[in-house]
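Just below is one structure, and these are the notes that go with it.
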Amino acid sequence: MRWTIKPKPKQEDIDALASALQVDDLVAQLLLQRDISTFEQAKNFFRPQLSDLHDPFLMKDMDIAVARIEKAIADGENILVYGDYDVDGTTAVALMSSYLLSYYPNVATYIPDRYGEGYGVSFKGIDFAEDNGFTLIIALDCGVKAIDKVAYAKEKDIDFIICDHHRPGKDLPDAVAILDPKRDDCNYPYDELCGCGVGFKLIQALGAHRGETIDDVIYCLDLVATAIGADIVPITGENRILAFYGLQVINQQPRIGFKAIIDQINKSVLTITDVVFIIAPRINAAGRMKHGQHAVNLLTETNMDEAIKFASEIEKFNTDRRGLDQEITQEALVQILENGEEEGFTSVVYKESWHKGVIGIVASRLTETYYRPTLVFTKSGDKLAASARSVKGFDVYNALEGCADYIEQFGGHKYAAGLTLLEDQYNNFKHQFEKVVKETIDPQMLIPEITIDGVIELKDINPKLMRILKQFAPFGPGNMSPTFMAENVHDTGYAKGVGKEEAHLKIAVVQQDSHRIDGIGFNMGDKLSLVTGRKPFDAVFSLDENEWQGNISIQLKLKDIK
């Protein structure tokens, strides 16, 4: 791994902010590195306020969307809430449908089948709408590129309102309204919302139109926070406010479906990390293994007994998913070795029997192993479908644009995308993708990077610092948990491998023979030899609290040692 220490802000800026906030230099430095330089900005960071959410009507087409929904309600139209099968899509559908159903009965939901329909708006979904008398479709977390589908719906007198956050193509669909802060002609102040976040802005606007305040829709934010965490959007600006209050809802008044999941895992307080690694995979497992509608059913259920049944069902999906993704990852790693493709700038693998529901996870696992842009393909109908994952700093969406001649369709983000292509184009695509990445990637990006906020002395790690650092949460892209480096430390003789096959490294370190502190390095058991015999080393870590027999102590959560 390469260690990159963030530039230290000017000392006069550190002094000024430390003085204004009455904090020490290290805290002031961490804030300045997050572009927080005034008392007011720090107050907004540490004490997010719902009143600082932007006016939803600043989003292009918001007034049109609200007017069309109100017309549908006034005329007694049937409204279909349509969303993708991942966490962002299913939470958005649960959010929008439960809100509308709270005051209007003619609302139903539709999640496309991952295998029969694929990603996004489908012709089958539009046919379903026509067959069942729906004249308005609200599409969430998809639709901004569905030009032909929206045109098809229009022929059937079905209107579309699109709530998306993906990058639009050159042309936009002929929808009644397209809410997407990434539209070139949209001046909304924050363009990093997830799909569920855009859906929430529509709810906020509908509520304002009906005389509601933000307090009337806070209960929706558990879903929004889950989507923010799962979709790996920056936890900055408006997303920070939504995630902050959404976590409060999850921990204090979770909806019945969340409570059913939380009761299974027996954890008292959930962080955004818990949401990402505990709640989100379970919601995702429904769409991966069976059908995304199961997740919507759980998230909209109001009867606890029913919710417990749904949660148990989804728990089984998640267990099955884990077994499958481990099996396919192993097959993919073998394929890379057998093809002699350990070197190179990309990993592109394909097997027609691989389960489409887990290829995204497998792509992430392969990226962890070889650390390069990765695509995992499987057979989907008469085409091949793939999930793409990237490495820090490299835009895989742009790389796919450079391979467009060989692709049927694609969509996504900088770090994650999906695509389909004809089987006879697979090899052409594979060679072109390698060529595009080779020509455009900075070779440094192929070495995993740890970004270090600053150098710290072990003696400066204390409960007061820990209390302040906890207030930097929720953590995520744009506001990662602070990472520190301590130089010239050595183990006190207690270092050992722990866990299954001693995969993890447990140490107790000191610096200048004082200020002993424990540390744990997950999956770092192979580095034990670097720290034994009181050899000096440098360590990179975040700070964590360890609870043991009722006692809480600060420990180093190791990321790397040299």
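Within each chain, counting starts at residue 1; across the structure tokens, chains are named A, B, ... in the order shown, with ligands numbered 1 upward in that order.
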Polymer residues at most 12 Å from Ile79 (chain A), only C-alpha atoms, same-chain spacing of 6 or more positions, as a ChimeraX atom specification
/A:68-73,96-97,100-101,104-110,129-130,132-139,158-161
Give me the residues within 6 Å of Phe377 (chain A) as a list of chain:residue names, counting only C-alpha atoms and dropping any in the same chain fewer than 3 places off.
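Returned residues: A:Tyr350, A:Ala385, A:Ala386.
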Close residues, Ile308 (chain A) itself excluded, 9 Å, only C-alpha atoms, min 6 positions apart in chain, as an NGL selection string
:A and (256-257 or 259-261 or 264 or 298)
Hey, what's within 8 Å of Ile126 (chain A) if we count only C-alpha atoms and toss same-chain stuff fewer than 6 positions away? As a ChimeraX atom specification, please?
/A:149,152-153
DSSP-assigned strand (DSSP E) among region 232-456 of chain A, expressed as an MDAnalysis selection string
chainID A and resid 347:350 374:380 383:389 409:412 416:421 449:452 454:455
Closest-contact table, region 181-228 of chain A side, partner region 270-284 of chain A, 9 Å, counting only C-alpha atoms, as CSV:
```
residue,atom,partner,partner_atom,distance
A:Ala225,CA,A:Ile272,CA,7.8
A:Thr226,CA,A:Val275,CA,6.1
A:Ala227,CA,A:Ala280,CA,7.9
A:Ile228,CA,A:Val276,CA,9.0
```
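A straight line drawn from CA of Lys535 (chain A) to CA of Thr451 (chain A) is 24.5 Å long.
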Could you tell me, as number ranges by chain, which residues of region 249-490 of chain A DSSP assigns to helix (DSSP H, G or I) when given the backbone?
A: 249-252, 256-265, 272-289, 293-300, 304-338, 356-370, 396-401, 404-406, 423-440, 443-446, 458-460, 463-470
For Ile64 (chain A), work out the shell of residues within 10 Å, counting only C-alpha atoms and skipping chain neighbours fewer than 6 positions away, then give it as an NGL selection string.
:A and (57 or 70 or 161 or 176-179)
Could you list, as an mmCIF file with N, CA and C atoms, in the first residue's frame, every residue within 7 Å of Ile14 (chain A), counting only C-alpha atoms and ignoring same-chain residues fewer than 4 positions away?
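The result, stored in out-v4.cif:
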```cif
data_model
loop_
_atom_site.group_PDB
_atom_site.id
_atom_site.type_symbol
_atom_site.label_atom_id
_atom_site.label_comp_id
_atom_site.auth_asym_id
_atom_site.auth_seq_id
_atom_site.Cartn_x
_atom_site.Cartn_y
_atom_site.Cartn_z
ATOM 1 N N PRO A 9 -2.740 21.987 6.815
ATOM 2 C CA PRO A 9 -3.141 23.380 6.579
ATOM 3 C C PRO A 9 -2.129 24.358 7.184
ATOM 4 N N LYS A 10 -2.205 25.619 6.752
ATOM 5 C CA LYS A 10 -1.303 26.638 7.307
ATOM 6 C C LYS A 10 -1.521 26.753 8.816
ATOM 7 N N ALA A 18 -8.742 26.802 15.869
ATOM 8 C CA ALA A 18 -8.634 26.218 17.212
ATOM 9 C C ALA A 18 -9.084 27.215 18.269
ATOM 10 N N ASP A 25 -5.149 21.769 18.339
ATOM 11 C CA ASP A 25 -4.694 21.924 16.948
ATOM 12 C C ASP A 25 -5.102 20.753 16.066
ATOM 13 N N ALA A 28 -8.695 21.047 14.933
ATOM 14 C CA ALA A 28 -8.791 22.146 13.964
ATOM 15 C C ALA A 28 -8.230 21.709 12.612
ATOM 16 N N GLN A 29 -7.128 20.972 12.632
ATOM 17 C CA GLN A 29 -6.517 20.481 11.392
ATOM 18 C C GLN A 29 -7.474 19.552 10.647
#
```
Of the candidates A:Ala205, A:Leu333, A:Leu558, A:Val93, which shows the shortest atom-to-atom distance to Val81 (chain A), using only C-alpha atoms?
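Comparing A:Ala205, A:Leu333, A:Leu558, A:Val93 against Val81 (chain A), the winner is A:Val93.
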For CA of Val121 (chain A) and CA of Ala416 (chain A), the interatomic separation in Å (one decimal)
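For CA of Val121 (chain A) relative to CA of Ala416 (chain A), the distance reads 18.8 Å.
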Excluding Met524 (chain A) and residues on its chain fewer than 6 positions from it, collect all residues at most 10 Å away from it, counting only C-alpha atoms, and give them as an MDAnalysis selection string.
chainID A and resid 497:498 502:506 558:561
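As for CA of His54 (chain A) and CA of Ala16 (chain A), they are spaced 29.5 Å apart.
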With the cut-off set at 10 Å and counting only C-alpha atoms, tabulate each residue of region 387-472 of chain A with an atom at most that distance from an atom of region 551-555 of chain A, showing the nearest atom pair and its distance in Å to one decimal, ordered by chain and increasing number, as a tab-separated table.
```
residue	atom	partner	partner_atom	distance
A:Ile461	CA	A:Ile554	CA	8.2
A:Asn462	CA	A:Ile554	CA	7.7
A:Pro463	CA	A:Ile554	CA	7.6
A:Met466	CA	A:Ile554	CA	7.8
```
Rank A:Ala295, A:Leu21, A:Ala151, A:Cys163 by their smallest atom-to-atom distance to Met62 (chain A), using only C-alpha atoms, and report the top residue only.
A:Cys163
